[in-house]
Structure formats: C-alpha cells, structure tokens
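As provided, work_30.cif (mmCIF, N, CA and C atoms) reads as follows.
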```
data_work
loop_
_atom_site.label_atom_id
_atom_site.label_comp_id
_atom_site.auth_asym_id
_atom_site.auth_seq_id
_atom_site.Cartn_x
_atom_site.Cartn_y
_atom_site.Cartn_z
N MET E 1 167.41 75.32 90.07
CA MET E 1 166.42 75.91 90.96
C MET E 1 165.87 77.18 90.33
N HIS E 2 164.62 77.43 90.57
CA HIS E 2 163.95 78.62 90.07
C HIS E 2 164.58 79.88 90.69
N ILE E 3 164.61 80.97 89.95
CA ILE E 3 165.25 82.20 90.43
C ILE E 3 164.59 82.73 91.72
N ILE E 4 163.27 82.62 91.83
CA ILE E 4 162.59 83.07 93.05
C ILE E 4 163.03 82.24 94.24
N SER E 5 163.15 80.94 94.03
CA SER E 5 163.62 80.05 95.10
C SER E 5 165.03 80.42 95.52
N THR E 6 165.88 80.68 94.55
CA THR E 6 167.26 81.05 94.85
C THR E 6 167.30 82.34 95.67
N ILE E 7 166.53 83.34 95.27
CA ILE E 7 166.50 84.60 96.01
C ILE E 7 166.03 84.38 97.44
N LEU E 8 164.96 83.63 97.61
CA LEU E 8 164.44 83.38 98.96
C LEU E 8 165.41 82.57 99.82
N VAL E 9 166.07 81.58 99.22
CA VAL E 9 167.06 80.79 99.96
C VAL E 9 168.22 81.69 100.40
N VAL E 10 168.66 82.59 99.53
CA VAL E 10 169.74 83.51 99.89
C VAL E 10 169.29 84.45 101.01
N VAL E 11 168.05 84.91 100.96
CA VAL E 11 167.52 85.76 102.05
C VAL E 11 167.56 85.00 103.38
N VAL E 12 167.12 83.75 103.37
CA VAL E 12 167.15 82.93 104.60
C VAL E 12 168.59 82.76 105.07
N ALA E 13 169.51 82.51 104.16
CA ALA E 13 170.92 82.34 104.52
C ALA E 13 171.49 83.61 105.13
N LEU E 14 171.23 84.74 104.50
CA LEU E 14 171.76 86.01 105.02
C LEU E 14 171.14 86.37 106.36
N GLU E 15 169.87 86.06 106.53
CA GLU E 15 169.23 86.30 107.82
C GLU E 15 169.88 85.44 108.91
N ALA E 16 170.14 84.18 108.61
CA ALA E 16 170.78 83.29 109.58
C ALA E 16 172.18 83.80 109.94
N ILE E 17 172.91 84.27 108.95
CA ILE E 17 174.25 84.82 109.22
C ILE E 17 174.14 86.11 110.03
N GLY E 18 173.15 86.92 109.73
CA GLY E 18 172.93 88.14 110.52
C GLY E 18 172.61 87.82 111.97
N ILE E 19 171.76 86.83 112.18
CA ILE E 19 171.43 86.41 113.55
C ILE E 19 172.68 85.88 114.24
N MET E 20 173.49 85.12 113.51
CA MET E 20 174.74 84.62 114.07
C MET E 20 175.62 85.77 114.55
N LEU E 21 175.78 86.78 113.70
CA LEU E 21 176.63 87.92 114.07
C LEU E 21 176.08 88.64 115.29
N LEU E 22 174.78 88.81 115.35
CA LEU E 22 174.16 89.46 116.51
C LEU E 22 174.37 88.63 117.78
N GLU E 23 174.10 87.32 117.69
CA GLU E 23 174.20 86.47 118.87
C GLU E 23 175.64 86.30 119.34
N MET E 24 176.59 86.26 118.43
CA MET E 24 177.97 86.02 118.81
C MET E 24 178.72 87.29 119.18
N PHE E 25 178.38 88.39 118.53
CA PHE E 25 179.19 89.60 118.70
C PHE E 25 178.38 90.84 119.13
N GLY E 26 177.07 90.70 119.27
CA GLY E 26 176.23 91.83 119.62
C GLY E 26 176.45 92.29 121.05
N SER E 27 176.29 93.58 121.26
CA SER E 27 176.40 94.14 122.61
C SER E 27 175.17 93.75 123.42
N PRO E 28 175.27 93.79 124.74
CA PRO E 28 174.10 93.49 125.56
C PRO E 28 172.89 94.37 125.20
N GLN E 29 173.14 95.62 124.84
CA GLN E 29 172.04 96.51 124.47
C GLN E 29 171.36 96.03 123.19
N LYS E 30 172.15 95.64 122.20
CA LYS E 30 171.58 95.15 120.94
C LYS E 30 170.84 93.83 121.14
N LEU E 31 171.42 92.95 121.94
CA LEU E 31 170.77 91.67 122.22
C LEU E 31 169.45 91.88 122.95
N SER E 32 169.46 92.78 123.89
CA SER E 32 168.26 93.09 124.64
C SER E 32 167.16 93.62 123.72
N ALA E 33 167.52 94.54 122.85
CA ALA E 33 166.55 95.12 121.92
C ALA E 33 166.04 94.09 120.91
N ALA E 34 166.93 93.27 120.42
CA ALA E 34 166.56 92.31 119.37
C ALA E 34 165.70 91.16 119.90
N PHE E 35 166.02 90.68 121.09
CA PHE E 35 165.36 89.48 121.59
C PHE E 35 164.40 89.73 122.74
N GLY E 36 164.29 90.97 123.18
CA GLY E 36 163.35 91.28 124.25
C GLY E 36 163.79 90.82 125.62
N PHE E 37 165.08 90.56 125.79
CA PHE E 37 165.61 90.17 127.09
C PHE E 37 165.98 91.43 127.87
N SER E 38 166.04 91.30 129.18
CA SER E 38 166.54 92.42 129.96
C SER E 38 168.04 92.56 129.70
N GLU E 39 168.52 93.77 129.83
CA GLU E 39 169.94 93.99 129.60
C GLU E 39 170.78 93.26 130.65
N ALA E 40 170.26 93.16 131.86
CA ALA E 40 170.98 92.43 132.91
C ALA E 40 171.16 90.96 132.51
N TYR E 41 170.11 90.39 131.91
CA TYR E 41 170.19 89.00 131.47
C TYR E 41 171.23 88.83 130.36
N THR E 42 171.27 89.78 129.42
CA THR E 42 172.22 89.65 128.31
C THR E 42 173.66 89.91 128.74
N ARG E 43 173.86 90.46 129.91
CA ARG E 43 175.21 90.67 130.43
C ARG E 43 175.74 89.46 131.19
N MET E 44 174.87 88.52 131.55
CA MET E 44 175.30 87.35 132.32
C MET E 44 176.22 86.47 131.47
N ALA E 45 177.28 85.97 132.08
CA ALA E 45 178.25 85.13 131.36
C ALA E 45 177.58 83.90 130.76
N GLU E 46 176.68 83.27 131.50
CA GLU E 46 176.00 82.07 131.01
C GLU E 46 175.15 82.38 129.78
N THR E 47 174.50 83.53 129.81
CA THR E 47 173.68 83.95 128.66
C THR E 47 174.56 84.18 127.45
N ARG E 48 175.66 84.88 127.64
CA ARG E 48 176.57 85.17 126.52
C ARG E 48 177.10 83.89 125.89
N ILE E 49 177.48 82.94 126.74
CA ILE E 49 178.00 81.65 126.23
C ILE E 49 176.91 80.92 125.45
N SER E 50 175.71 80.86 126.00
CA SER E 50 174.61 80.18 125.31
C SER E 50 174.29 80.85 123.98
N MET E 51 174.26 82.17 123.98
CA MET E 51 173.92 82.89 122.74
C MET E 51 175.02 82.72 121.69
N LYS E 52 176.26 82.69 122.11
CA LYS E 52 177.35 82.49 121.16
C LYS E 52 177.28 81.09 120.54
N ASN E 53 176.95 80.09 121.35
CA ASN E 53 176.80 78.74 120.83
C ASN E 53 175.62 78.66 119.86
N GLN E 54 174.52 79.27 120.23
CA GLN E 54 173.35 79.29 119.37
C GLN E 54 173.67 80.03 118.07
N GLY E 55 174.40 81.12 118.18
CA GLY E 55 174.80 81.87 117.00
C GLY E 55 175.64 81.04 116.04
N LEU E 56 176.51 80.24 116.59
CA LEU E 56 177.35 79.38 115.76
C LEU E 56 176.49 78.46 114.90
N TYR E 57 175.46 77.88 115.49
CA TYR E 57 174.58 77.00 114.73
C TYR E 57 173.81 77.77 113.66
N ASN E 58 173.37 78.99 113.97
CA ASN E 58 172.72 79.81 112.94
C ASN E 58 173.68 80.07 111.78
N GLY E 59 174.93 80.32 112.10
CA GLY E 59 175.94 80.53 111.07
C GLY E 59 176.13 79.29 110.20
N PHE E 60 176.13 78.12 110.83
CA PHE E 60 176.25 76.87 110.08
C PHE E 60 175.11 76.74 109.06
N ILE E 61 173.91 77.07 109.49
CA ILE E 61 172.75 77.00 108.59
C ILE E 61 172.93 77.97 107.42
N GLY E 62 173.29 79.22 107.74
CA GLY E 62 173.44 80.23 106.69
C GLY E 62 174.52 79.88 105.70
N ILE E 63 175.68 79.52 106.20
CA ILE E 63 176.80 79.15 105.31
C ILE E 63 176.46 77.87 104.55
N GLY E 64 175.81 76.93 105.22
CA GLY E 64 175.40 75.70 104.55
C GLY E 64 174.48 75.97 103.38
N LEU E 65 173.53 76.87 103.57
CA LEU E 65 172.62 77.22 102.47
C LEU E 65 173.38 77.84 101.30
N LEU E 66 174.29 78.75 101.59
CA LEU E 66 175.04 79.41 100.52
C LEU E 66 175.97 78.44 99.78
N ILE E 67 176.67 77.61 100.54
CA ILE E 67 177.56 76.62 99.91
C ILE E 67 176.74 75.63 99.08
N ASN E 68 175.63 75.19 99.66
CA ASN E 68 174.77 74.26 98.94
C ASN E 68 174.31 74.86 97.61
N ARG E 69 173.92 76.12 97.63
CA ARG E 69 173.36 76.74 96.43
C ARG E 69 174.42 77.10 95.40
N PHE E 70 175.58 77.56 95.85
CA PHE E 70 176.54 78.12 94.90
C PHE E 70 177.81 77.28 94.69
N ALA E 71 178.02 76.24 95.49
CA ALA E 71 179.24 75.44 95.33
C ALA E 71 178.96 73.97 95.02
N PHE E 72 177.83 73.48 95.45
CA PHE E 72 177.51 72.07 95.22
C PHE E 72 177.00 71.87 93.80
N PRO E 73 177.07 70.64 93.30
CA PRO E 73 176.54 70.36 91.97
C PRO E 73 175.03 70.65 91.92
N GLU E 74 174.58 71.02 90.76
CA GLU E 74 173.17 71.37 90.58
C GLU E 74 172.23 70.23 91.00
N THR E 75 172.68 69.01 90.84
CA THR E 75 171.83 67.86 91.18
C THR E 75 171.55 67.75 92.68
N SER E 76 172.37 68.35 93.52
CA SER E 76 172.15 68.26 94.96
C SER E 76 171.60 69.55 95.58
N GLN E 77 171.52 70.60 94.80
CA GLN E 77 171.08 71.89 95.34
C GLN E 77 169.65 71.87 95.86
N TYR E 78 168.76 71.22 95.14
CA TYR E 78 167.35 71.21 95.51
C TYR E 78 167.15 70.52 96.86
N SER E 79 167.65 69.30 97.00
CA SER E 79 167.44 68.55 98.24
C SER E 79 168.16 69.20 99.42
N GLY E 80 169.35 69.74 99.19
CA GLY E 80 170.06 70.43 100.26
C GLY E 80 169.34 71.68 100.71
N SER E 81 168.79 72.41 99.76
CA SER E 81 168.04 73.63 100.11
C SER E 81 166.78 73.28 100.91
N ILE E 82 166.08 72.25 100.48
CA ILE E 82 164.89 71.79 101.22
C ILE E 82 165.27 71.46 102.66
N LEU E 83 166.34 70.71 102.83
CA LEU E 83 166.78 70.29 104.16
C LEU E 83 167.08 71.48 105.06
N PHE E 84 167.95 72.39 104.60
CA PHE E 84 168.35 73.51 105.44
C PHE E 84 167.20 74.48 105.70
N VAL E 85 166.38 74.76 104.69
CA VAL E 85 165.25 75.67 104.88
C VAL E 85 164.22 75.05 105.82
N ALA E 86 164.02 73.74 105.71
CA ALA E 86 163.10 73.07 106.63
C ALA E 86 163.60 73.18 108.07
N PHE E 87 164.92 73.08 108.27
CA PHE E 87 165.48 73.26 109.61
C PHE E 87 165.13 74.64 110.17
N VAL E 88 165.23 75.66 109.33
CA VAL E 88 164.93 77.02 109.78
C VAL E 88 163.44 77.14 110.10
N CYS E 89 162.58 76.55 109.28
CA CYS E 89 161.14 76.58 109.55
C CYS E 89 160.82 75.93 110.90
N ILE E 90 161.41 74.77 111.13
CA ILE E 90 161.17 74.06 112.39
C ILE E 90 161.69 74.88 113.57
N ALA E 91 162.87 75.45 113.43
CA ALA E 91 163.45 76.26 114.51
C ALA E 91 162.58 77.48 114.80
N ALA E 92 162.03 78.10 113.76
CA ALA E 92 161.19 79.29 113.96
C ALA E 92 159.90 78.92 114.69
N VAL E 93 159.28 77.83 114.29
CA VAL E 93 158.05 77.39 114.97
C VAL E 93 158.35 77.02 116.41
N TYR E 94 159.39 76.23 116.62
CA TYR E 94 159.76 75.80 117.97
C TYR E 94 160.12 77.01 118.84
N GLY E 95 160.90 77.93 118.29
CA GLY E 95 161.29 79.13 119.03
C GLY E 95 160.10 79.98 119.41
N ALA E 96 159.16 80.14 118.49
CA ALA E 96 157.97 80.94 118.77
C ALA E 96 157.12 80.30 119.87
N ILE E 97 157.04 78.97 119.85
CA ILE E 97 156.25 78.27 120.87
C ILE E 97 156.95 78.32 122.23
N THR E 98 158.22 77.98 122.27
CA THR E 98 158.91 77.89 123.57
C THR E 98 159.16 79.26 124.18
N ALA E 99 159.42 80.27 123.35
CA ALA E 99 159.64 81.63 123.88
C ALA E 99 158.33 82.39 124.01
N GLN E 100 157.25 81.77 123.54
CA GLN E 100 155.93 82.41 123.54
C GLN E 100 156.01 83.80 122.92
N ASN E 101 156.63 83.83 121.72
CA ASN E 101 156.85 85.09 121.02
C ASN E 101 156.60 84.88 119.53
N ILE E 102 155.46 85.36 119.05
CA ILE E 102 155.09 85.18 117.65
C ILE E 102 156.05 85.92 116.71
N LYS E 103 156.76 86.92 117.25
CA LYS E 103 157.70 87.69 116.43
C LYS E 103 158.77 86.79 115.82
N ILE E 104 159.17 85.76 116.54
CA ILE E 104 160.17 84.82 116.03
C ILE E 104 159.65 84.14 114.76
N LEU E 105 158.40 83.70 114.83
CA LEU E 105 157.81 83.03 113.68
C LEU E 105 157.68 83.99 112.50
N LEU E 106 157.29 85.20 112.77
CA LEU E 106 157.11 86.18 111.70
C LEU E 106 158.43 86.59 111.07
N LEU E 107 159.42 86.91 111.88
CA LEU E 107 160.69 87.42 111.35
C LEU E 107 161.60 86.34 110.79
N GLN E 108 161.72 85.24 111.50
CA GLN E 108 162.60 84.17 111.04
C GLN E 108 161.87 83.15 110.20
N GLY E 109 160.61 82.90 110.54
CA GLY E 109 159.87 81.86 109.86
C GLY E 109 159.32 82.24 108.50
N THR E 110 158.87 83.48 108.36
CA THR E 110 158.24 83.88 107.10
C THR E 110 159.15 83.70 105.89
N PRO E 111 160.38 84.23 105.91
CA PRO E 111 161.24 84.00 104.74
C PRO E 111 161.51 82.51 104.49
N ALA E 112 161.68 81.76 105.56
CA ALA E 112 161.97 80.32 105.40
C ALA E 112 160.76 79.57 104.87
N ILE E 113 159.58 79.91 105.36
CA ILE E 113 158.36 79.25 104.87
C ILE E 113 158.13 79.60 103.40
N LEU E 114 158.33 80.86 103.04
CA LEU E 114 158.19 81.25 101.63
C LEU E 114 159.22 80.54 100.76
N ALA E 115 160.44 80.42 101.25
CA ALA E 115 161.48 79.71 100.50
C ALA E 115 161.11 78.24 100.33
N LEU E 116 160.62 77.63 101.39
CA LEU E 116 160.23 76.22 101.32
C LEU E 116 159.08 76.03 100.32
N LEU E 117 158.09 76.88 100.39
CA LEU E 117 156.96 76.79 99.45
C LEU E 117 157.42 76.98 98.00
N SER E 118 158.33 77.94 97.81
CA SER E 118 158.82 78.16 96.44
C SER E 118 159.63 76.95 95.95
N LEU E 119 160.39 76.34 96.83
CA LEU E 119 161.15 75.15 96.44
C LEU E 119 160.21 73.99 96.07
N LEU E 120 159.13 73.88 96.82
CA LEU E 120 158.21 72.77 96.59
C LEU E 120 157.35 72.96 95.35
N PHE E 121 156.98 74.22 95.05
CA PHE E 121 156.01 74.45 93.99
C PHE E 121 156.55 75.12 92.73
N LEU E 122 157.77 75.66 92.79
CA LEU E 122 158.35 76.33 91.61
C LEU E 122 159.57 75.56 91.12
N LYS E 123 159.38 74.37 90.68
CA LYS E 123 160.51 73.54 90.24
C LYS E 123 161.04 73.95 88.91
#
```
Any chance you could put this one into structure tokens?
Amino acid sequence: MHIISTILVVVVALEAIGIMLLEMFGSPQKLSAAFGFSEAYTRMAETRISMKNQGLYNGFIGIGLLINRFAFPETSQYSGSILFVAFVCIAAVYGAITAQNIKILLLQGTPAILALLSLLFLK
C-alpha cells in the first residue's frame, strides 16, 4: 500500500478507537459536548448502554484496520483496508443523514473518504 494510504488508514483507525473510548468511557459532560446531546440524555442508563455498544463496534473497526494493515499478509491488506474504510464512509453518511448533523460527515467521513480515495487511486 502507498504510504499516503497507510497514513490515512491509520488516522481513520485511531479516530475510530478515539470515538470508542469516548462512547464507552466518556463522562456525560464529554458525551454531551462531543455529540450535541443534552447532559440529561447522556446520563440516562439506556443512553449509556447504547453508546457503549456503539463504541464497541467503533473499536472493532479501528482495531480491524490496524490489524489488517500491520499483521495481515501484504496480499490482503488492500482489500481489507477498502472494506473497513468503506464501512466508516457509509456509517458517516448514514449518521449525518439520520442525526441531521453534517458535522458527523465532516469529522468522521472526511478522513475515511480521503483514505478510500487514496486506496483507489494511489496503488
């Protein structure tokens, strides 16, 4: 994989892991600030459970990207990176539409879209 693609894939992976940490372990104040929810909403048990589950999936994506890039054989790195980065792109678009918040697309989608484009065009 091209060095630019590798850097962008690692950025997407680290961002996913950062989101995981925030969603799973963040305080209600941090969650409120990061996601634009009311603090009362982020204190609800149902919200915390949902966010922790969502965080787990973000962690799977991040760790999957890193393992794919640095532990798998070189022959599978390209297709695995495409798959995981495409998942992040789809999640960012879907999240921006359903939450009606373009910030999701900009913050989560931009690195993933750039990584996907670099994977497709910088072989």
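In this structure, atom N of Gly80 of chain E sits 28.4 Å away from atom C of Asn101 of chain E.
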For Ile4 of chain E, please output as an MDAnalysis selection string all residues within 7 Å (counting all atoms listed in the file; exclusion window: fewer than 3 positions along the same chain).
chainID E and resid 1 7:9 115 118:119
Tell me, as an NGL selection string, which residues lie within 10 Å of Phe35 of chain E, counting only C-alpha atoms; anything in the same chain fewer than 2 positions away does not count.
:E and (23 or 30-33 or 37-38 or 42 or 99 or 101 or 103-104)
Determine the residue membership of the PyMOL selection byres (((chain E and resi 60-68 and name CA) around 10) and name CA) for the file above and supply it as a PyMOL selection string.
chain E and resi 6+9-20+55-59+69-74+76-85+87-88
For the atom pair atom N of Phe121 of chain E and atom CA of Ser5 of chain E, what is the interatomic distance in Å to one decimal place?
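Separating atom N of Phe121 of chain E from atom CA of Ser5 of chain E is a distance of 8.8 Å.
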What gap, in Å, lies between atom C of Lys123 of chain E and atom CA of Ala86 of chain E?
17.9 Å
Running DSSP on the backbone, which parts of chain E land in alpha helix (DSSP H), as a VMD selection string?
chain E and resid 3 to 25 28 to 35 39 to 43 45 to 70 74 to 98 102 to 104 110 to 121
Mind giving me the axis-aligned box for segment 26-38 of chain E with 4 Å on every side, centre plus edges in Å to one decimal, as JSON?
```
{"center_x": 170.2, "center_y": 93.0, "center_z": 124.6, "size_x": 21.7, "size_y": 15.0, "size_z": 18.7}
```
Distance query Val93 of chain E at most 8 Å, only C-alpha atoms, self and fewer than 3 positions along chain excluded, as a PyMOL selection string
chain E and resi 89-90+96-97+104-105+109
